[in-house]
file model-v9.cif (mmCIF, C-alpha atoms (C1' of nucleotides))
data_entry
#
loop_
_atom_site.label_atom_id
_atom_site.label_comp_id
_atom_site.auth_asym_id
_atom_site.auth_seq_id
_atom_site.Cartn_x
_atom_site.Cartn_y
_atom_site.Cartn_z
CA MET J 1 6.08 -1.73 16.45
CA TRP J 2 6.08 1.49 18.53
CA THR J 3 8.46 4.41 18.03
CA ASP J 4 9.00 4.69 21.80
CA PRO J 5 7.17 1.93 23.68
CA THR J 6 6.90 3.67 27.04
CA CYS J 7 5.89 7.18 25.99
CA PRO J 8 2.16 7.76 25.54
CA VAL J 9 2.85 10.79 23.35
CA ALA J 10 4.89 8.66 20.97
CA ARG J 11 2.22 5.98 20.83
CA ALA J 12 -0.48 8.52 20.12
CA VAL J 13 1.65 10.00 17.34
CA ASP J 14 2.17 6.53 15.94
CA VAL J 15 -1.59 6.16 15.66
CA ILE J 16 -2.75 9.59 14.49
CA GLY J 17 0.49 11.41 13.66
CA ASP J 18 0.18 11.66 9.93
CA ARG J 19 -1.15 14.29 7.60
CA TRP J 20 -4.70 12.94 7.35
CA SER J 21 -5.88 10.84 10.29
CA LEU J 22 -6.75 13.75 12.55
CA LEU J 23 -8.59 15.54 9.76
CA ILE J 24 -10.65 12.41 9.16
CA VAL J 25 -11.51 12.27 12.86
CA ARG J 26 -12.30 15.99 12.80
CA ASP J 27 -14.74 15.46 9.93
CA ALA J 28 -16.26 12.43 11.62
CA MET J 29 -16.94 14.62 14.66
CA ASP J 30 -18.55 17.09 12.30
CA GLY J 31 -20.92 14.48 10.90
CA ALA J 32 -19.07 12.72 8.07
CA ARG J 33 -20.09 9.07 7.79
CA SER J 34 -19.46 7.73 4.27
CA PHE J 35 -16.38 7.27 2.15
CA THR J 36 -17.38 10.10 -0.13
CA ASP J 37 -18.20 12.39 2.79
CA PHE J 38 -14.62 12.10 3.90
CA GLN J 39 -13.22 12.24 0.41
CA GLN J 40 -15.05 15.45 -0.45
CA ARG J 41 -14.38 17.22 2.84
CA THR J 42 -10.68 16.45 3.02
CA GLY J 43 -9.80 16.20 -0.68
CA ILE J 44 -7.56 13.24 0.20
CA ALA J 45 -6.59 10.74 -2.51
CA ARG J 46 -9.02 7.81 -2.55
CA ASN J 47 -6.48 5.06 -2.05
CA ILE J 48 -4.95 6.89 0.90
CA LEU J 49 -8.39 7.50 2.35
CA ALA J 50 -9.21 3.79 2.07
CA ASP J 51 -5.92 3.00 3.80
CA ARG J 52 -6.50 5.52 6.61
CA LEU J 53 -10.06 4.37 7.22
CA ARG J 54 -8.74 0.81 7.48
CA LYS J 55 -6.00 1.82 9.91
CA LEU J 56 -8.26 3.98 12.05
CA THR J 57 -10.72 1.10 12.18
CA ALA J 58 -7.96 -1.36 13.04
CA HIS J 59 -6.77 0.95 15.83
CA GLY J 60 -10.28 1.16 17.20
CA LEU J 61 -10.96 4.85 16.53
CA LEU J 62 -13.58 4.20 13.89
CA ALA J 63 -16.03 1.34 13.48
CA HIS J 64 -18.33 0.15 10.73
CA VAL J 65 -21.95 0.69 11.56
CA GLU J 66 -24.85 -1.09 9.94
CA ALA J 67 -26.84 1.52 8.12
CA PRO J 68 -30.51 1.06 9.08
CA SER J 69 -31.84 1.32 5.52
CA GLY J 70 -29.32 -0.33 3.29
CA LYS J 71 -26.07 -2.20 3.02
CA ARG J 72 -23.79 0.69 2.23
CA ARG J 73 -20.86 0.99 4.55
CA GLN J 74 -20.88 3.73 7.17
CA TYR J 75 -18.20 4.77 9.61
CA ALA J 76 -18.72 6.10 13.10
CA LEU J 77 -16.33 7.18 15.82
CA THR J 78 -15.81 4.78 18.71
CA ALA J 79 -15.43 6.02 22.28
CA ALA J 80 -11.66 6.14 21.73
CA GLY J 81 -12.19 8.23 18.62
CA GLU J 82 -14.59 10.59 20.38
CA ASP J 83 -12.02 10.91 23.13
CA LEU J 84 -9.72 12.68 20.68
CA PHE J 85 -12.03 15.67 21.04
CA ALA J 86 -9.77 17.34 23.59
CA VAL J 87 -6.74 16.81 21.34
CA ILE J 88 -8.46 18.33 18.34
CA VAL J 89 -9.71 21.29 20.34
CA THR J 90 -6.27 22.09 21.74
CA LEU J 91 -4.74 21.66 18.31
CA ARG J 92 -7.37 23.96 16.82
CA GLN J 93 -6.75 26.59 19.46
CA TRP J 94 -3.01 26.40 18.91
CA GLY J 95 -3.58 26.79 15.18
CA GLU J 96 -5.82 29.80 15.75
CA ARG J 97 -3.13 31.47 17.83
CA HIS J 98 -0.03 30.61 15.84
CA ALA J 99 -0.85 29.54 12.29
CA PHE J 100 -2.78 32.61 11.13
CA GLU J 101 -1.64 36.10 10.37
CA ALA J 102 -3.26 38.82 12.44
CA GLY J 103 -6.65 39.58 10.95
CA GLU J 104 -6.66 36.49 8.72
CA PRO J 105 -10.11 34.89 8.97
CA HIS J 106 -10.61 31.37 10.27
CA SER J 107 -13.38 29.19 11.63
CA VAL J 108 -14.02 29.09 15.38
CA LEU J 109 -15.46 26.54 17.77
CA VAL J 110 -18.60 27.52 19.66
CA ASP J 111 -20.74 25.78 22.25
CA ALA J 112 -24.47 25.07 22.06
CA HIS J 113 -25.26 28.69 22.97
CA GLY J 114 -22.93 30.06 20.31
CA ALA J 115 -20.32 31.17 22.84
CA LEU J 116 -16.65 30.81 21.99
CA VAL J 117 -14.97 27.81 23.61
CA PRO J 118 -12.38 29.18 26.06
CA PRO J 119 -8.71 28.14 25.77
CA VAL J 120 -8.04 24.67 27.13
CA VAL J 121 -5.35 24.77 29.80
CA PRO J 122 -3.82 21.86 31.71
CA THR J 123 -4.22 22.44 35.42
CA ALA J 124 -2.92 20.89 38.63
CA PRO J 125 -5.36 19.17 40.99
CA ASP J 126 -5.73 22.50 42.83
CA GLY J 127 -6.74 24.23 39.61
CA SER J 128 -3.57 26.22 39.01
CA PRO J 129 -2.37 26.32 35.38
CA LEU J 130 0.55 24.10 34.44
CA THR J 131 3.41 24.57 31.95
CA SER J 132 6.29 22.40 30.82
CA ASP J 133 8.40 24.07 33.53
CA THR J 134 6.07 23.04 36.34
CA THR J 135 5.58 19.43 35.25
CA SER J 136 7.78 16.43 34.71
CA VAL J 137 7.52 12.96 33.29
CA ARG J 138 7.81 10.07 35.72
CA LYS J 139 8.51 6.60 34.41
CA MET Q 140 0.34 26.00 0.68
CA TRP Q 141 -2.22 24.90 3.29
CA THR Q 142 -4.25 21.69 3.17
CA ASP Q 143 -7.40 23.60 4.19
CA PRO Q 144 -6.75 27.32 4.46
CA THR Q 145 -9.60 28.20 6.81
CA CYS Q 146 -9.40 25.34 9.32
CA PRO Q 147 -7.01 25.89 12.22
CA VAL Q 148 -6.85 22.14 12.83
CA ALA Q 149 -5.64 21.56 9.29
CA ARG Q 150 -3.04 24.31 9.56
CA ALA Q 151 -1.75 22.94 12.84
CA VAL Q 152 -1.49 19.49 11.28
CA ASP Q 153 0.36 20.99 8.33
CA VAL Q 154 2.96 22.34 10.76
CA ILE Q 155 3.37 19.54 13.29
CA GLY Q 156 1.40 16.63 11.81
CA ASP Q 157 4.22 14.27 10.96
CA ARG Q 158 5.85 11.40 12.75
CA TRP Q 159 8.62 13.43 14.43
CA SER Q 160 7.87 17.10 14.97
CA LEU Q 161 5.79 16.66 18.10
CA LEU Q 162 8.32 14.28 19.61
CA ILE Q 163 11.03 16.86 19.02
CA VAL Q 164 8.92 19.48 20.77
CA ARG Q 165 8.20 17.03 23.57
CA ASP Q 166 11.91 16.46 24.11
CA ALA Q 167 12.61 20.19 23.94
CA MET Q 168 10.09 20.66 26.74
CA ASP Q 169 11.94 17.97 28.64
CA GLY Q 170 15.26 19.78 28.33
CA ALA Q 171 16.78 18.74 25.01
CA ARG Q 172 18.81 21.53 23.45
CA SER Q 173 21.42 20.16 21.05
CA PHE Q 174 21.27 18.17 17.82
CA THR Q 175 22.54 15.05 19.53
CA ASP Q 176 20.17 15.48 22.47
CA PHE Q 177 17.30 15.20 20.02
CA GLN Q 178 18.94 12.48 17.98
CA GLN Q 179 19.57 10.25 20.96
CA ARG Q 180 16.21 10.76 22.60
CA THR Q 181 14.10 10.20 19.51
CA GLY Q 182 16.33 7.86 17.52
CA ILE Q 183 15.36 9.80 14.40
CA ALA Q 184 17.60 9.62 11.32
CA ARG Q 185 20.08 12.50 11.31
CA ASN Q 186 19.12 13.96 7.96
CA ILE Q 187 15.45 13.94 8.91
CA LEU Q 188 16.27 15.53 12.23
CA ALA Q 189 18.21 18.29 10.49
CA ASP Q 190 15.24 18.85 8.18
CA ARG Q 191 12.69 18.93 11.02
CA LEU Q 192 14.77 21.29 13.12
CA ARG Q 193 14.98 23.58 10.09
CA LYS Q 194 11.24 23.42 9.49
CA LEU Q 195 10.31 23.91 13.13
CA THR Q 196 12.66 26.89 13.24
CA ALA Q 197 11.20 28.28 10.01
CA HIS Q 198 7.69 27.92 11.44
CA GLY Q 199 8.73 29.75 14.57
CA LEU Q 200 8.40 26.91 17.08
CA LEU Q 201 12.11 26.63 17.74
CA ALA Q 202 14.84 29.26 17.67
CA HIS Q 203 18.60 29.19 17.71
CA VAL Q 204 20.01 30.51 20.94
CA GLU Q 205 23.53 31.75 21.43
CA ALA Q 206 25.19 29.42 23.87
CA PRO Q 207 26.88 31.56 26.55
CA SER Q 208 30.18 29.66 26.47
CA GLY Q 209 30.80 28.61 22.93
CA LYS Q 210 29.63 28.69 19.37
CA ARG Q 211 27.85 25.36 19.22
CA ARG Q 212 24.29 25.62 18.03
CA GLN Q 213 21.53 25.27 20.58
CA TYR Q 214 17.80 25.14 20.07
CA ALA Q 215 15.13 26.48 22.38
CA LEU Q 216 11.36 26.56 22.17
CA THR Q 217 9.77 29.87 21.29
CA ALA Q 218 6.53 31.02 22.91
CA ALA Q 219 4.63 29.34 20.06
CA GLY Q 220 6.51 26.12 20.70
CA GLU Q 221 5.87 26.28 24.44
CA ASP Q 222 2.23 26.86 23.66
CA LEU Q 223 2.03 23.33 22.27
CA PHE Q 224 2.17 22.15 25.87
CA ALA Q 225 -1.60 21.74 26.07
CA VAL Q 226 -1.61 19.76 22.82
CA ILE Q 227 1.11 17.41 24.01
CA VAL Q 228 -0.58 16.90 27.37
CA THR Q 229 -3.94 16.02 25.80
CA LEU Q 230 -2.22 13.75 23.32
CA ARG Q 231 -0.31 12.05 26.14
CA GLN Q 232 -3.48 11.54 28.13
CA TRP Q 233 -5.27 10.11 25.12
CA GLY Q 234 -2.34 7.77 24.55
CA GLU Q 235 -2.41 6.66 28.18
CA ARG Q 236 -6.09 5.82 27.92
CA HIS Q 237 -6.23 4.20 24.50
CA ALA Q 238 -2.81 3.11 23.30
CA PHE Q 239 -1.81 0.82 26.17
CA GLU Q 240 -3.12 -2.52 27.22
CA ALA Q 241 -4.55 -2.70 30.70
CA GLY Q 242 -1.66 -3.04 33.13
CA GLU Q 243 0.98 -2.16 30.55
CA PRO Q 244 3.40 0.30 32.16
CA HIS Q 245 3.95 3.81 30.82
CA SER Q 246 5.33 7.13 31.96
CA VAL Q 247 3.03 9.67 33.59
CA LEU Q 248 3.01 13.44 33.88
CA VAL Q 249 3.22 14.91 37.37
CA ASP Q 250 3.21 18.45 38.71
CA ALA Q 251 5.82 20.08 40.94
CA HIS Q 252 4.44 18.27 43.98
CA GLY Q 253 4.51 14.90 42.26
CA ALA Q 254 0.73 14.77 41.86
CA LEU Q 255 -0.74 13.30 38.69
CA VAL Q 256 -1.93 15.91 36.20
CA PRO Q 257 -5.72 15.53 35.94
CA PRO Q 258 -7.38 14.90 32.56
CA VAL Q 259 -7.62 18.00 30.40
CA VAL Q 260 -11.22 18.65 29.37
CA PRO Q 261 -12.56 21.40 27.12
CA THR Q 262 -15.21 23.37 28.99
CA ALA Q 263 -17.80 25.99 28.15
CA PRO Q 264 -17.49 29.49 29.66
CA ASP Q 265 -19.69 28.30 32.53
CA GLY Q 266 -17.33 25.42 33.28
CA SER Q 267 -19.47 22.57 31.96
CA PRO Q 268 -17.58 19.91 29.96
CA LEU Q 269 -17.92 19.97 26.18
CA THR Q 270 -17.99 17.19 23.59
CA SER Q 271 -18.18 17.11 19.81
CA ASP Q 272 -21.96 16.86 20.18
CA THR Q 273 -22.27 20.06 22.15
CA THR Q 274 -20.00 22.20 19.99
CA SER Q 275 -19.92 23.29 16.39
CA VAL Q 276 -17.58 25.03 14.01
CA ARG Q 277 -18.58 28.49 12.88
CA LYS Q 278 -16.93 30.00 9.81
"C1'" DC T 279 -37.66 -4.77 -14.06
"C1'" DC T 280 -33.77 -2.84 -16.33
"C1'" DC T 281 -30.28 0.55 -17.24
"C1'" DA T 282 -27.44 4.24 -15.78
"C1'" DA T 283 -25.46 6.72 -12.15
"C1'" DT T 284 -23.42 6.53 -7.57
"C1'" DT T 285 -20.78 4.50 -3.98
"C1'" DG T 286 -16.83 2.30 -2.28
"C1'" DG T 287 -13.21 0.89 -3.26
"C1'" DT T 288 -8.50 -1.35 -5.97
"C1'" DT T 289 -4.62 -1.14 -9.23
"C1'" DG T 290 -0.64 0.87 -11.77
"C1'" DC T 291 2.56 4.03 -12.06
"C1'" DA T 292 5.31 8.34 -11.18
"C1'" DG T 293 7.07 11.46 -7.89
"C1'" DT T 294 8.26 12.42 -3.06
"C1'" DT T 295 9.73 11.35 1.50
"C1'" DT T 296 12.15 8.49 4.72
"C1'" DG T 297 15.83 5.89 6.64
"C1'" DC T 298 20.58 4.09 6.88
"C1'" DA T 299 25.29 4.56 6.44
"C1'" DA T 300 29.25 6.96 5.22
"C1'" DC T 301 31.53 11.27 4.87
"C1'" DT T 302 32.75 16.25 5.93
"C1'" DC T 303 33.74 20.26 8.60
"C1'" DT T 304 34.06 22.60 12.96
"C1'" DT T 305 35.03 22.79 17.76
"C1'" DC T 306 36.60 21.33 22.22
"C1'" DG T 307 39.71 19.04 25.68
"C1'" DG T 308 44.20 17.95 26.92
"C1'" DC P 309 48.63 20.19 17.97
"C1'" DC P 310 45.88 15.69 18.07
"C1'" DG P 311 42.04 13.06 18.64
"C1'" DA P 312 37.32 12.87 19.72
"C1'" DA P 313 32.78 14.65 19.72
"C1'" DG P 314 29.18 17.69 17.65
"C1'" DA P 315 26.46 19.11 13.73
"C1'" DG P 316 25.25 18.32 9.68
"C1'" DT P 317 25.41 16.77 4.43
"C1'" DT P 318 25.35 13.37 0.71
"C1'" DG P 319 24.14 9.12 -1.83
"C1'" DC P 320 21.30 5.68 -2.33
"C1'" DA P 321 17.46 2.02 -1.54
"C1'" DA P 322 12.99 1.37 0.36
"C1'" DA P 323 8.56 3.03 1.66
"C1'" DC P 324 4.82 6.18 1.18
"C1'" DT P 325 1.73 9.56 -1.54
"C1'" DG P 326 -1.03 11.19 -5.10
"C1'" DC P 327 -3.36 10.92 -9.54
"C1'" DA P 328 -6.04 8.70 -12.74
"C1'" DA P 329 -8.18 4.79 -14.54
"C1'" DC P 330 -10.65 0.73 -13.60
"C1'" DC P 331 -14.01 -2.48 -11.25
"C1'" DA P 332 -17.91 -4.52 -8.53
"C1'" DA P 333 -22.01 -3.79 -5.92
"C1'" DT P 334 -26.08 -0.70 -4.92
"C1'" DT P 335 -29.59 2.32 -5.91
"C1'" DG P 336 -32.78 5.36 -8.32
"C1'" DG P 337 -35.66 6.52 -12.32
"C1'" DG P 338 -38.71 5.35 -15.92
#
call {"tool": "encode", "arguments": {"input": "model-v9.cif", "output": "structure tokens"}}
result
Amino acid sequence: MWTDPTCPVARAVDVIGDRWSLLIVRDAMDGARSFTDFQQRTGIARNILADRLRKLTAHGLLAHVEAPSGKRRQYALTAAGEDLFAVIVTLRQWGERHAFEAGEPHSVLVDAHGALVPPVVPTAPDGSPLTSDTTSVRK
Amino acid sequence: MWTDPTCPVARAVDVIGDRWSLLIVRDAMDGARSFTDFQQRTGIARNILADRLRKLTAHGLLAHVEAPSGKRRQYALTAAGEDLFAVIVTLRQWGERHAFEAGEPHSVLVDAHGALVPPVVPTAPDGSPLTSDTTSVRK
DNA sequence: CCCAATTGGTTGCAGTTTGCAACTCTTCGG
DNA sequence: CCGAAGAGTTGCAAACTGCAACCAATTGGG
């Protein structure tokens, strides 16, 4: 079932490591709720979207919510889905730094006051920044 | 060329959003250098591995390095590849929280002193934690 | 209350990607 | 030199994607 059963990175990639799942979660965080919301924002093929919504729901990242005024299906992020926020922010920041030419325009993430969100950096318990050289994986 | 030309998340996913690229980068951060290093650690099919190494090199995440004592090809992360560290750490932490059953064992990330790396949280300039509700995307 | 448009999918099919296994070519160790 | 290991490449079968057409259930307008 899992690509590498003991590695959390591998399991996470198994769940959201395809071309569309993270973009669906991104749009859900930005307010998308209905099938057509997602379809129009991402431009994904409808059958693939249906499949991804099913899988994300099965994995517990999305859930069906009862729309107050009607029976039309709505999707909302679960706590696990919301918890991908940090992943999407770091991915966005990496993209801003390395996937755009200098001067090429792109969207940015701002907080409630309109201030740019600072780079997210993993830190040790004492607050010092960490890199792959100063960390290791323990089984 | 890009799924969504103005969204850094989409561009990042275009580069590393498949089942193997991030695991290759993960293993590179953990010391993998040669074709067979990657092949044995990930278990990926050899033709796919060759393709991914080519693409990651073309995108500037990996580079060929001249091995001091020999002509065998070696791969090393570039600065852009190293910069995925924060992404991999957040992904790992998400996986630890949401892709394992309670009590199911998994590897953990520790710093040079053996201390667990604390959860990575996006924060505003004033240090307060951010969520998808307290941030927005500005074009 | 009824008809048409909208929503939320499913189905069929063609093209692409992936995975496995076998094969090649180079290099290293003795 | 000779054999083994490293680094890929090639050929194919199976799985996954995308497009377009189709279908059933809601909903909105008159």
call {"tool": "resolve_selection", "arguments": {"input": "model-v9.cif", "expression": "the PyMOL selection byres ((chain T and resi 305) around 8)", "output": "PyMOL selection string"}}
result
(chain Q and resi 211) or (chain T and resi 304+306) or (chain P and resi 314)
call {"tool": "interface_residues", "arguments": {"input": "model-v9.cif", "of": "chain P", "to": "chain J", "cutoff": "9 Å", "atoms": "all atoms listed in the file", "output": "ChimeraX atom specification"}}
result
/P:325-327,334
call {"tool": "resolve_selection", "arguments": {"input": "model-v9.cif", "expression": "the PyMOL selection byres ((chain T) within 8 of (chain Q))", "output": "list in words"}}
result
DT296, DG297, DC298 and DT305 of chain T
call {"tool": "closest_residue", "arguments": {"input": "model-v9.cif", "among": "Q:Leu216, Q:Thr196, Q:Asp265, Q:Gly234", "to": "chain J", "atoms": "all atoms listed in the file"}}
result
Q:Gly234
call {"tool": "closest_residue", "arguments": {"input": "model-v9.cif", "among": "Q:Met168, Q:Thr142, Q:Asp157, Q:Asp222", "to": "J:Pro119", "atoms": "only C-alpha atoms"}}
result
Q:Asp222
call {"tool": "interface_residues", "arguments": {"input": "model-v9.cif", "of": "chain Q", "to": "chain J", "cutoff": "7 Å", "atoms": "only C-alpha atoms", "output": "number ranges by chain"}}
result
Q: 145-153, 156-158, 162, 168, 219, 223-227, 229-231, 233-235, 237-238, 245-251, 256-257, 259-264, 270-271, 273-278
call {"tool": "atom_distance", "arguments": {"input": "model-v9.cif", "atom1": "atom C1' of T:DT288", "atom2": "atom C1' of P:DC330"}}
result
8.2 Å
call {"tool": "atom_distance", "arguments": {"input": "model-v9.cif", "atom1": "atom CA of J:Asp37", "atom2": "atom C1' of P:DG337"}}
result
23.8 Å
call {"tool": "closest_residue", "arguments": {"input": "model-v9.cif", "among": "J:Val65, J:Leu56, J:Ile24, J:Ala102", "to": "J:Gln40", "atoms": "all atoms listed in the file"}}
result
J:Ile24
call {"tool": "atom_distance", "arguments": {"input": "model-v9.cif", "atom1": "atom C1' of T:DT295", "atom2": "atom C1' of P:DC324"}}
result
7.1 Å
